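Below is start-v9.cif, which holds mmCIF, N, CA and C atoms; chains and numbers go by the auth columns.
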```cif
data_final
loop_
_atom_site.group_PDB
_atom_site.id
_atom_site.type_symbol
_atom_site.label_atom_id
_atom_site.label_comp_id
_atom_site.label_asym_id
_atom_site.label_seq_id
_atom_site.Cartn_x
_atom_site.Cartn_y
_atom_site.Cartn_z
_atom_site.B_iso_or_equiv
_atom_site.auth_seq_id
_atom_site.auth_asym_id
ATOM 1 N N MET A 1 77.453 104.353 118.397 0.00 23 A
ATOM 2 C CA MET A 1 77.323 103.639 117.135 0.00 23 A
ATOM 3 C C MET A 1 78.591 102.808 116.941 0.00 23 A
ATOM 4 N N ASN A 2 78.416 101.498 116.686 0.00 24 A
ATOM 5 C CA ASN A 2 79.596 100.668 116.464 0.00 24 A
ATOM 6 C C ASN A 2 80.059 100.780 115.013 0.00 24 A
ATOM 7 N N ILE A 3 81.187 100.145 114.712 0.00 25 A
ATOM 8 C CA ILE A 3 81.797 100.298 113.391 0.00 25 A
ATOM 9 C C ILE A 3 80.922 99.720 112.281 0.00 25 A
ATOM 10 N N ILE A 4 80.164 98.668 112.567 0.00 26 A
ATOM 11 C CA ILE A 4 79.283 98.079 111.552 0.00 26 A
ATOM 12 C C ILE A 4 78.149 99.036 111.227 0.00 26 A
ATOM 13 N N GLN A 5 77.533 99.607 112.261 0.00 27 A
ATOM 14 C CA GLN A 5 76.465 100.577 112.032 0.00 27 A
ATOM 15 C C GLN A 5 77.004 101.809 111.307 0.00 27 A
ATOM 16 N N ALA A 6 78.178 102.247 111.695 0.00 28 A
ATOM 17 C CA ALA A 6 78.778 103.421 111.057 0.00 28 A
ATOM 18 C C ALA A 6 79.064 103.146 109.595 0.00 28 A
ATOM 19 N N SER A 7 79.572 101.940 109.292 0.00 29 A
ATOM 20 C CA SER A 7 79.883 101.637 107.895 0.00 29 A
ATOM 21 C C SER A 7 78.612 101.569 107.061 0.00 29 A
ATOM 22 N N TYR A 8 77.535 101.059 107.647 0.00 30 A
ATOM 23 C CA TYR A 8 76.280 100.944 106.898 0.00 30 A
ATOM 24 C C TYR A 8 75.715 102.315 106.546 0.00 30 A
ATOM 25 N N THR A 9 75.828 103.252 107.455 0.00 31 A
ATOM 26 C CA THR A 9 75.307 104.588 107.178 0.00 31 A
ATOM 27 C C THR A 9 76.280 105.417 106.335 0.00 31 A
ATOM 28 N N MET A 10 77.574 105.111 106.421 0.00 32 A
ATOM 29 C CA MET A 10 78.572 105.886 105.692 0.00 32 A
ATOM 30 C C MET A 10 78.870 105.350 104.299 0.00 32 A
ATOM 31 N N ALA A 11 78.498 104.117 103.996 0.00 33 A
ATOM 32 C CA ALA A 11 78.862 103.498 102.714 0.00 33 A
ATOM 33 C C ALA A 11 78.460 104.336 101.502 0.00 33 A
ATOM 34 N N PRO A 12 77.229 104.820 101.424 0.00 34 A
ATOM 35 C CA PRO A 12 76.878 105.652 100.264 0.00 34 A
ATOM 36 C C PRO A 12 77.725 106.920 100.179 0.00 34 A
ATOM 37 N N GLN A 13 78.008 107.537 101.319 0.00 35 A
ATOM 38 C CA GLN A 13 78.831 108.745 101.325 0.00 35 A
ATOM 39 C C GLN A 13 80.240 108.446 100.827 0.00 35 A
ATOM 40 N N VAL A 14 80.797 107.316 101.265 0.00 36 A
ATOM 41 C CA VAL A 14 82.134 106.927 100.831 0.00 36 A
ATOM 42 C C VAL A 14 82.133 106.696 99.329 0.00 36 A
ATOM 43 N N TYR A 15 81.126 105.967 98.844 0.00 37 A
ATOM 44 C CA TYR A 15 81.038 105.692 97.406 0.00 37 A
ATOM 45 C C TYR A 15 80.983 107.003 96.613 0.00 37 A
ATOM 46 N N TYR A 16 80.100 107.909 96.998 0.00 38 A
ATOM 47 C CA TYR A 16 79.962 109.174 96.273 0.00 38 A
ATOM 48 C C TYR A 16 81.236 110.020 96.349 0.00 38 A
ATOM 49 N N THR A 17 81.905 109.993 97.482 0.00 39 A
ATOM 50 C CA THR A 17 83.160 110.726 97.632 0.00 39 A
ATOM 51 C C THR A 17 84.228 110.155 96.710 0.00 39 A
ATOM 52 N N VAL A 18 84.310 108.830 96.634 0.00 40 A
ATOM 53 C CA VAL A 18 85.286 108.180 95.763 0.00 40 A
ATOM 54 C C VAL A 18 84.946 108.442 94.300 0.00 40 A
ATOM 55 N N VAL A 19 83.671 108.322 93.939 0.00 41 A
ATOM 56 C CA VAL A 19 83.260 108.591 92.552 0.00 41 A
ATOM 57 C C VAL A 19 83.597 110.031 92.164 0.00 41 A
ATOM 58 N N LYS A 20 83.357 110.966 93.061 0.00 42 A
ATOM 59 C CA LYS A 20 83.681 112.373 92.785 0.00 42 A
ATOM 60 C C LYS A 20 85.185 112.531 92.556 0.00 42 A
ATOM 61 N N ALA A 21 85.994 111.861 93.358 0.00 43 A
ATOM 62 C CA ALA A 21 87.447 111.933 93.199 0.00 43 A
ATOM 63 C C ALA A 21 87.884 111.297 91.874 0.00 43 A
ATOM 64 N N ILE A 22 87.218 110.210 91.470 0.00 44 A
ATOM 65 C CA ILE A 22 87.550 109.549 90.202 0.00 44 A
ATOM 66 C C ILE A 22 87.165 110.436 89.016 0.00 44 A
ATOM 67 N N THR A 23 85.945 110.945 89.040 0.00 45 A
ATOM 68 C CA THR A 23 85.467 111.750 87.902 0.00 45 A
ATOM 69 C C THR A 23 86.194 113.086 87.785 0.00 45 A
ATOM 70 N N SER A 24 86.722 113.584 88.883 0.00 46 A
ATOM 71 C CA SER A 24 87.488 114.836 88.837 0.00 46 A
ATOM 72 C C SER A 24 88.979 114.573 88.590 0.00 46 A
ATOM 73 N N LYS A 25 89.304 113.311 88.357 0.00 47 A
ATOM 74 C CA LYS A 25 90.688 112.889 88.032 0.00 47 A
ATOM 75 C C LYS A 25 91.674 113.071 89.190 0.00 47 A
ATOM 76 N N LYS A 26 91.162 113.160 90.410 0.00 48 A
ATOM 77 C CA LYS A 26 92.039 113.242 91.577 0.00 48 A
ATOM 78 C C LYS A 26 92.478 111.853 92.047 0.00 48 A
ATOM 79 N N LEU A 27 91.655 110.853 91.744 0.00 49 A
ATOM 80 C CA LEU A 27 91.936 109.470 92.131 0.00 49 A
ATOM 81 C C LEU A 27 91.797 108.611 90.886 0.00 49 A
ATOM 82 N N SER A 28 92.821 107.818 90.606 0.00 50 A
ATOM 83 C CA SER A 28 92.745 106.950 89.432 0.00 50 A
ATOM 84 C C SER A 28 92.502 105.506 89.874 0.00 50 A
ATOM 85 N N GLU A 29 91.849 104.771 89.007 0.00 51 A
ATOM 86 C CA GLU A 29 91.550 103.369 89.280 0.00 51 A
ATOM 87 C C GLU A 29 92.550 102.480 88.563 0.00 51 A
ATOM 88 N N PRO A 30 92.837 101.330 89.109 0.00 52 A
ATOM 89 C CA PRO A 30 92.427 100.869 90.436 0.00 52 A
ATOM 90 C C PRO A 30 93.192 101.631 91.524 0.00 52 A
ATOM 91 N N PHE A 31 92.630 101.633 92.713 0.00 53 A
ATOM 92 C CA PHE A 31 93.215 102.371 93.826 0.00 53 A
ATOM 93 C C PHE A 31 93.223 101.496 95.065 0.00 53 A
ATOM 94 N N THR A 32 94.057 101.845 96.013 0.00 54 A
ATOM 95 C CA THR A 32 94.068 101.172 97.309 0.00 54 A
ATOM 96 C C THR A 32 93.242 102.014 98.280 0.00 54 A
ATOM 97 N N PRO A 33 92.759 101.418 99.355 0.00 55 A
ATOM 98 C CA PRO A 33 92.057 102.217 100.358 0.00 55 A
ATOM 99 C C PRO A 33 92.931 103.361 100.895 0.00 55 A
ATOM 100 N N ILE A 34 94.224 103.121 101.033 0.00 56 A
ATOM 101 C CA ILE A 34 95.117 104.171 101.534 0.00 56 A
ATOM 102 C C ILE A 34 95.171 105.348 100.560 0.00 56 A
ATOM 103 N N GLN A 35 95.226 105.062 99.263 0.00 57 A
ATOM 104 C CA GLN A 35 95.209 106.142 98.269 0.00 57 A
ATOM 105 C C GLN A 35 93.905 106.933 98.350 0.00 57 A
ATOM 106 N N ALA A 36 92.792 106.228 98.500 0.00 58 A
ATOM 107 C CA ALA A 36 91.494 106.901 98.598 0.00 58 A
ATOM 108 C C ALA A 36 91.423 107.765 99.858 0.00 58 A
ATOM 109 N N ILE A 37 91.961 107.274 100.946 0.00 59 A
ATOM 110 C CA ILE A 37 91.974 108.048 102.193 0.00 59 A
ATOM 111 C C ILE A 37 92.785 109.322 102.025 0.00 59 A
ATOM 112 N N LYS A 38 93.937 109.233 101.368 0.00 60 A
ATOM 113 C CA LYS A 38 94.788 110.412 101.164 0.00 60 A
ATOM 114 C C LYS A 38 94.081 111.475 100.325 0.00 60 A
ATOM 115 N N ILE A 39 93.326 111.046 99.326 0.00 61 A
ATOM 116 C CA ILE A 39 92.640 111.984 98.441 0.00 61 A
ATOM 117 C C ILE A 39 91.347 112.508 99.066 0.00 61 A
ATOM 118 N N CYS A 40 90.551 111.609 99.644 0.00 62 A
ATOM 119 C CA CYS A 40 89.212 111.975 100.138 0.00 62 A
ATOM 120 C C CYS A 40 89.213 112.566 101.544 0.00 62 A
ATOM 121 N N ARG A 41 90.229 112.324 102.315 0.00 63 A
ATOM 122 C CA ARG A 41 90.385 112.872 103.663 0.00 63 A
ATOM 123 C C ARG A 41 89.144 112.693 104.555 0.00 63 A
ATOM 124 N N PRO A 42 88.752 111.432 104.790 0.00 64 A
ATOM 125 C CA PRO A 42 87.564 111.204 105.618 0.00 64 A
ATOM 126 C C PRO A 42 87.817 111.516 107.092 0.00 64 A
ATOM 127 N N LYS A 43 86.750 111.778 107.807 0.00 65 A
ATOM 128 C CA LYS A 43 86.853 112.039 109.243 0.00 65 A
ATOM 129 C C LYS A 43 87.173 110.750 110.000 0.00 65 A
ATOM 130 N N ASN A 44 86.544 109.640 109.593 0.00 66 A
ATOM 131 C CA ASN A 44 86.761 108.360 110.264 0.00 66 A
ATOM 132 C C ASN A 44 87.480 107.413 109.307 0.00 66 A
ATOM 133 N N LYS A 45 88.784 107.392 109.373 0.00 67 A
ATOM 134 C CA LYS A 45 89.590 106.600 108.440 0.00 67 A
ATOM 135 C C LYS A 45 89.359 105.106 108.582 0.00 67 A
ATOM 136 N N ASP A 46 89.132 104.604 109.801 0.00 68 A
ATOM 137 C CA ASP A 46 88.928 103.163 110.005 0.00 68 A
ATOM 138 C C ASP A 46 87.657 102.682 109.321 0.00 68 A
ATOM 139 N N VAL A 47 86.573 103.408 109.510 0.00 69 A
ATOM 140 C CA VAL A 47 85.308 103.031 108.868 0.00 69 A
ATOM 141 C C VAL A 47 85.447 103.149 107.359 0.00 69 A
ATOM 142 N N PHE A 48 86.042 104.225 106.899 0.00 70 A
ATOM 143 C CA PHE A 48 86.234 104.458 105.466 0.00 70 A
ATOM 144 C C PHE A 48 86.988 103.282 104.838 0.00 70 A
ATOM 145 N N ARG A 49 88.068 102.838 105.479 0.00 71 A
ATOM 146 C CA ARG A 49 88.887 101.739 104.970 0.00 71 A
ATOM 147 C C ARG A 49 88.103 100.430 104.925 0.00 71 A
ATOM 148 N N LYS A 50 87.332 100.156 105.947 0.00 72 A
ATOM 149 C CA LYS A 50 86.576 98.897 106.027 0.00 72 A
ATOM 150 C C LYS A 50 85.431 98.824 105.018 0.00 72 A
ATOM 151 N N ILE A 51 84.942 99.942 104.580 0.00 73 A
ATOM 152 C CA ILE A 51 83.834 99.955 103.627 0.00 73 A
ATOM 153 C C ILE A 51 84.226 99.313 102.307 0.00 73 A
ATOM 154 N N PHE A 52 85.472 99.450 101.896 0.00 74 A
ATOM 155 C CA PHE A 52 85.887 98.873 100.616 0.00 74 A
ATOM 156 C C PHE A 52 85.722 97.357 100.604 0.00 74 A
ATOM 157 N N SER A 53 86.198 96.686 101.627 0.00 75 A
ATOM 158 C CA SER A 53 86.053 95.222 101.650 0.00 75 A
ATOM 159 C C SER A 53 84.628 94.813 102.006 0.00 75 A
ATOM 160 N N GLY A 54 83.980 95.570 102.864 0.00 76 A
ATOM 161 C CA GLY A 54 82.620 95.225 103.281 0.00 76 A
ATOM 162 C C GLY A 54 81.580 95.405 102.190 0.00 76 A
ATOM 163 N N TYR A 55 81.837 96.307 101.260 0.00 77 A
ATOM 164 C CA TYR A 55 80.880 96.601 100.194 0.00 77 A
ATOM 165 C C TYR A 55 81.450 96.267 98.808 0.00 77 A
ATOM 166 N N ARG A 56 82.323 95.256 98.784 0.00 78 A
ATOM 167 C CA ARG A 56 82.856 94.796 97.501 0.00 78 A
ATOM 168 C C ARG A 56 81.902 93.775 96.895 0.00 78 A
ATOM 169 N N ARG A 57 82.011 93.614 95.595 0.00 79 A
ATOM 170 C CA ARG A 57 81.196 92.604 94.913 0.00 79 A
ATOM 171 C C ARG A 57 81.541 91.235 95.512 0.00 79 A
ATOM 172 N N GLY A 58 80.513 90.468 95.875 0.00 80 A
ATOM 173 C CA GLY A 58 80.718 89.142 96.456 0.00 80 A
ATOM 174 C C GLY A 58 81.009 89.152 97.943 0.00 80 A
ATOM 175 N N ASN A 59 80.722 90.263 98.629 0.00 81 A
ATOM 176 C CA ASN A 59 80.996 90.319 100.073 0.00 81 A
ATOM 177 C C ASN A 59 80.132 89.297 100.797 0.00 81 A
ATOM 178 N N PRO A 60 80.651 88.708 101.878 0.00 82 A
ATOM 179 C CA PRO A 60 79.920 87.658 102.585 0.00 82 A
ATOM 180 C C PRO A 60 78.744 88.152 103.428 0.00 82 A
ATOM 181 N N ASN A 61 78.631 89.460 103.616 0.00 83 A
ATOM 182 C CA ASN A 61 77.579 90.019 104.466 0.00 83 A
ATOM 183 C C ASN A 61 76.281 90.305 103.719 0.00 83 A
ATOM 184 N N GLY A 62 76.333 90.226 102.399 0.00 84 A
ATOM 185 C CA GLY A 62 75.138 90.516 101.616 0.00 84 A
ATOM 186 C C GLY A 62 74.870 91.998 101.437 0.00 84 A
ATOM 187 N N TYR A 63 75.858 92.845 101.759 0.00 85 A
ATOM 188 C CA TYR A 63 75.684 94.283 101.556 0.00 85 A
ATOM 189 C C TYR A 63 75.679 94.576 100.059 0.00 85 A
ATOM 190 N N PRO A 64 74.992 95.625 99.643 0.00 86 A
ATOM 191 C CA PRO A 64 74.975 95.963 98.212 0.00 86 A
ATOM 192 C C PRO A 64 76.386 96.320 97.745 0.00 86 A
ATOM 193 N N PRO A 65 76.833 95.740 96.640 0.00 87 A
ATOM 194 C CA PRO A 65 78.202 96.011 96.190 0.00 87 A
ATOM 195 C C PRO A 65 78.357 97.421 95.626 0.00 87 A
ATOM 196 N N LEU A 66 79.398 98.094 96.079 0.00 88 A
ATOM 197 C CA LEU A 66 79.732 99.431 95.594 0.00 88 A
ATOM 198 C C LEU A 66 81.100 99.437 94.919 0.00 88 A
ATOM 199 N N PHE A 67 81.915 98.430 95.243 0.00 89 A
ATOM 200 C CA PHE A 67 83.270 98.360 94.716 0.00 89 A
ATOM 201 C C PHE A 67 83.586 96.955 94.212 0.00 89 A
ATOM 202 N N ILE A 68 84.556 96.876 93.326 0.00 90 A
ATOM 203 C CA ILE A 68 85.076 95.593 92.837 0.00 90 A
ATOM 204 C C ILE A 68 86.496 95.485 93.365 0.00 90 A
ATOM 205 N N GLN A 69 86.785 94.382 94.053 0.00 91 A
ATOM 206 C CA GLN A 69 88.145 94.161 94.540 0.00 91 A
ATOM 207 C C GLN A 69 88.882 93.306 93.517 0.00 91 A
ATOM 208 N N LEU A 70 90.022 93.784 93.069 0.00 92 A
ATOM 209 C CA LEU A 70 90.839 93.057 92.108 0.00 92 A
ATOM 210 C C LEU A 70 91.763 92.089 92.840 0.00 92 A
ATOM 211 N N LYS A 71 92.356 91.161 92.107 0.00 93 A
ATOM 212 C CA LYS A 71 93.204 90.132 92.713 0.00 93 A
ATOM 213 C C LYS A 71 94.380 90.702 93.491 0.00 93 A
ATOM 214 N N ASN A 72 94.884 91.847 93.076 0.00 94 A
ATOM 215 C CA ASN A 72 96.032 92.443 93.763 0.00 94 A
ATOM 216 C C ASN A 72 95.631 93.278 94.985 0.00 94 A
ATOM 217 N N GLY A 73 94.342 93.270 95.342 0.00 95 A
ATOM 218 C CA GLY A 73 93.877 93.989 96.530 0.00 95 A
ATOM 219 C C GLY A 73 93.471 95.426 96.289 0.00 95 A
ATOM 220 N N THR A 74 93.536 95.870 95.041 0.00 96 A
ATOM 221 C CA THR A 74 93.092 97.229 94.722 0.00 96 A
ATOM 222 C C THR A 74 91.610 97.199 94.377 0.00 96 A
ATOM 223 N N TYR A 75 91.017 98.374 94.236 0.00 97 A
ATOM 224 C CA TYR A 75 89.569 98.485 94.032 0.00 97 A
ATOM 225 C C TYR A 75 89.230 99.371 92.842 0.00 97 A
ATOM 226 N N LYS A 76 88.031 99.132 92.320 0.00 98 A
ATOM 227 C CA LYS A 76 87.405 99.992 91.311 0.00 98 A
ATOM 228 C C LYS A 76 85.979 100.223 91.771 0.00 98 A
ATOM 229 N N ALA A 77 85.422 101.370 91.441 0.00 99 A
ATOM 230 C CA ALA A 77 84.032 101.667 91.768 0.00 99 A
ATOM 231 C C ALA A 77 83.132 100.940 90.759 0.00 99 A
ATOM 232 N N ILE A 78 82.006 100.423 91.250 0.00 100 A
ATOM 233 C CA ILE A 78 81.024 99.757 90.395 0.00 100 A
ATOM 234 C C ILE A 78 80.483 100.780 89.397 0.00 100 A
ATOM 235 N N ARG A 79 80.324 100.337 88.176 0.00 101 A
ATOM 236 C CA ARG A 79 79.745 101.180 87.124 0.00 101 A
ATOM 237 C C ARG A 79 78.473 100.561 86.622 0.00 101 A
ATOM 238 N N PRO A 80 77.565 101.311 86.050 0.00 102 A
ATOM 239 C CA PRO A 80 77.669 102.769 85.941 0.00 102 A
ATOM 240 C C PRO A 80 77.612 103.400 87.317 0.00 102 A
ATOM 241 N N PHE A 81 78.194 104.585 87.446 0.00 103 A
ATOM 242 C CA PHE A 81 78.200 105.240 88.733 0.00 103 A
ATOM 243 C C PHE A 81 76.770 105.446 89.193 0.00 103 A
ATOM 244 N N LYS A 82 76.524 105.077 90.448 0.00 104 A
ATOM 245 C CA LYS A 82 75.182 105.228 91.032 0.00 104 A
ATOM 246 C C LYS A 82 75.003 106.648 91.506 0.00 104 A
ATOM 247 N N LYS A 83 73.774 107.126 91.416 0.00 105 A
ATOM 248 C CA LYS A 83 73.491 108.502 91.866 0.00 105 A
ATOM 249 C C LYS A 83 72.666 108.503 93.116 0.00 105 A
#
```

Give the structure from this file in structure tokens form.
Amino acid sequence: MNIIQASYTMAPQVYYTVVKAITSKKLSEPFTPIQAIKICRPKNKDVFRKIFSGYRRGNPNGYPPLFIQLKNGTYKAIRPFKK
């Protein structure tokens, strides 16, 4: 499985993991991908990191947006939180 396929299958898991960290107050918004990695401890850090830019609002790939990228490069999860 290449990184694009992995990100497509992992994106919902990453979103739910980040939302869980936010709602449990372990991760505060806005956050950087590095902060999310430190808190969420994913198995595949490269795919996890790429999901933020790949699934941001306005991404060029047409993937469903899960995150909002702010001007300073930090992220927020799309609300309302998806289930």

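Proximity of A:Ile59, A:Ile44, A:Val69, A:Ala33 to Phe103 (chain A), computed with only C-alpha atoms, is greatest for A:Ile44.
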
ask   = Which residues in chain A does DSSP call strand (DSSP E or B)? List them as a count of residues only.
value = 8

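The environment of Arg79 (chain A) within 6 Å, counting all atoms listed in the file and disregarding residues fewer than 6 places along the same chain, consists of A:Pro87, A:Leu88, A:Phe89, A:Ile90, A:Gln91.
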
Let me see the file: selected residues, N, CA and C atoms, as a JSON list (two decimals), in the coordinates of the input.
```json
[["chain", "number", "residue", "atom", "x", "y", "z"],
["A", 87, "PRO", "N", 76.83, 95.74, 96.64],
["A", 87, "PRO", "CA", 78.20, 96.01, 96.19],
["A", 87, "PRO", "C", 78.36, 97.42, 95.63],
["A", 88, "LEU", "N", 79.40, 98.09, 96.08],
["A", 88, "LEU", "CA", 79.73, 99.43, 95.59],
["A", 88, "LEU", "C", 81.10, 99.44, 94.92],
["A", 89, "PHE", "N", 81.92, 98.43, 95.24],
["A", 89, "PHE", "CA", 83.27, 98.36, 94.72],
["A", 89, "PHE", "C", 83.59, 96.96, 94.21],
["A", 90, "ILE", "N", 84.56, 96.88, 93.33],
["A", 90, "ILE", "CA", 85.08, 95.59, 92.84],
["A", 90, "ILE", "C", 86.50, 95.48, 93.36],
["A", 91, "GLN", "N", 86.78, 94.38, 94.05],
["A", 91, "GLN", "CA", 88.14, 94.16, 94.54],
["A", 91, "GLN", "C", 88.88, 93.31, 93.52]]
```

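Atom pair CA of Asp68 (chain A) / atom N of Ser46 (chain A): separated by 23.7 Å.
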
task = Please evaluate the PyMOL selection byres ((chain A and resi 51) around 8) against the structure above and give the resulting residues as a list of chain:residue names.
result = A:Ile44, A:Lys48, A:Leu49, A:Ser50, A:Pro52, A:Phe53, A:Thr54, A:Thr96, A:Tyr97, A:Lys98, A:Ala99

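Reported to one decimal place, the separation of CA of Gly84 (chain A) from CA of Thr45 (chain A) is 27.3 Å.
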
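Rounded to one decimal, CA of Cys62 (chain A) and CA of Thr39 (chain A) lie 6.7 Å from each other.
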
Box centre and edge lengths (Å, one decimal), axis-aligned, region 94-100 of chain A plus 6 Å each side, as JSON:
```
{"center_x": 88.3, "center_y": 96.8, "center_z": 93.0, "size_x": 27.5, "size_y": 21.8, "size_z": 19.1}
```

query = What residues in chain A get the DSSP label helix (DSSP H, G or I)? Please answer as a PyMOL selection string.
reply = chain A and resi 25-45+55-62+67-76

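Ranking A:Phe70, A:Asn81, A:Gly76, A:Asn94 by their shortest atom-to-atom distance to Val36 (chain A), with all atoms listed in the file included, puts A:Phe70 first.
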
ask   = How would you write as a VMD selection string the residues that get within 12 Å of (86.8, 109.0, 103.1) in the file's frame, counting only C-alpha atoms?
value = chain A and resid 29 32 to 43 55 to 74
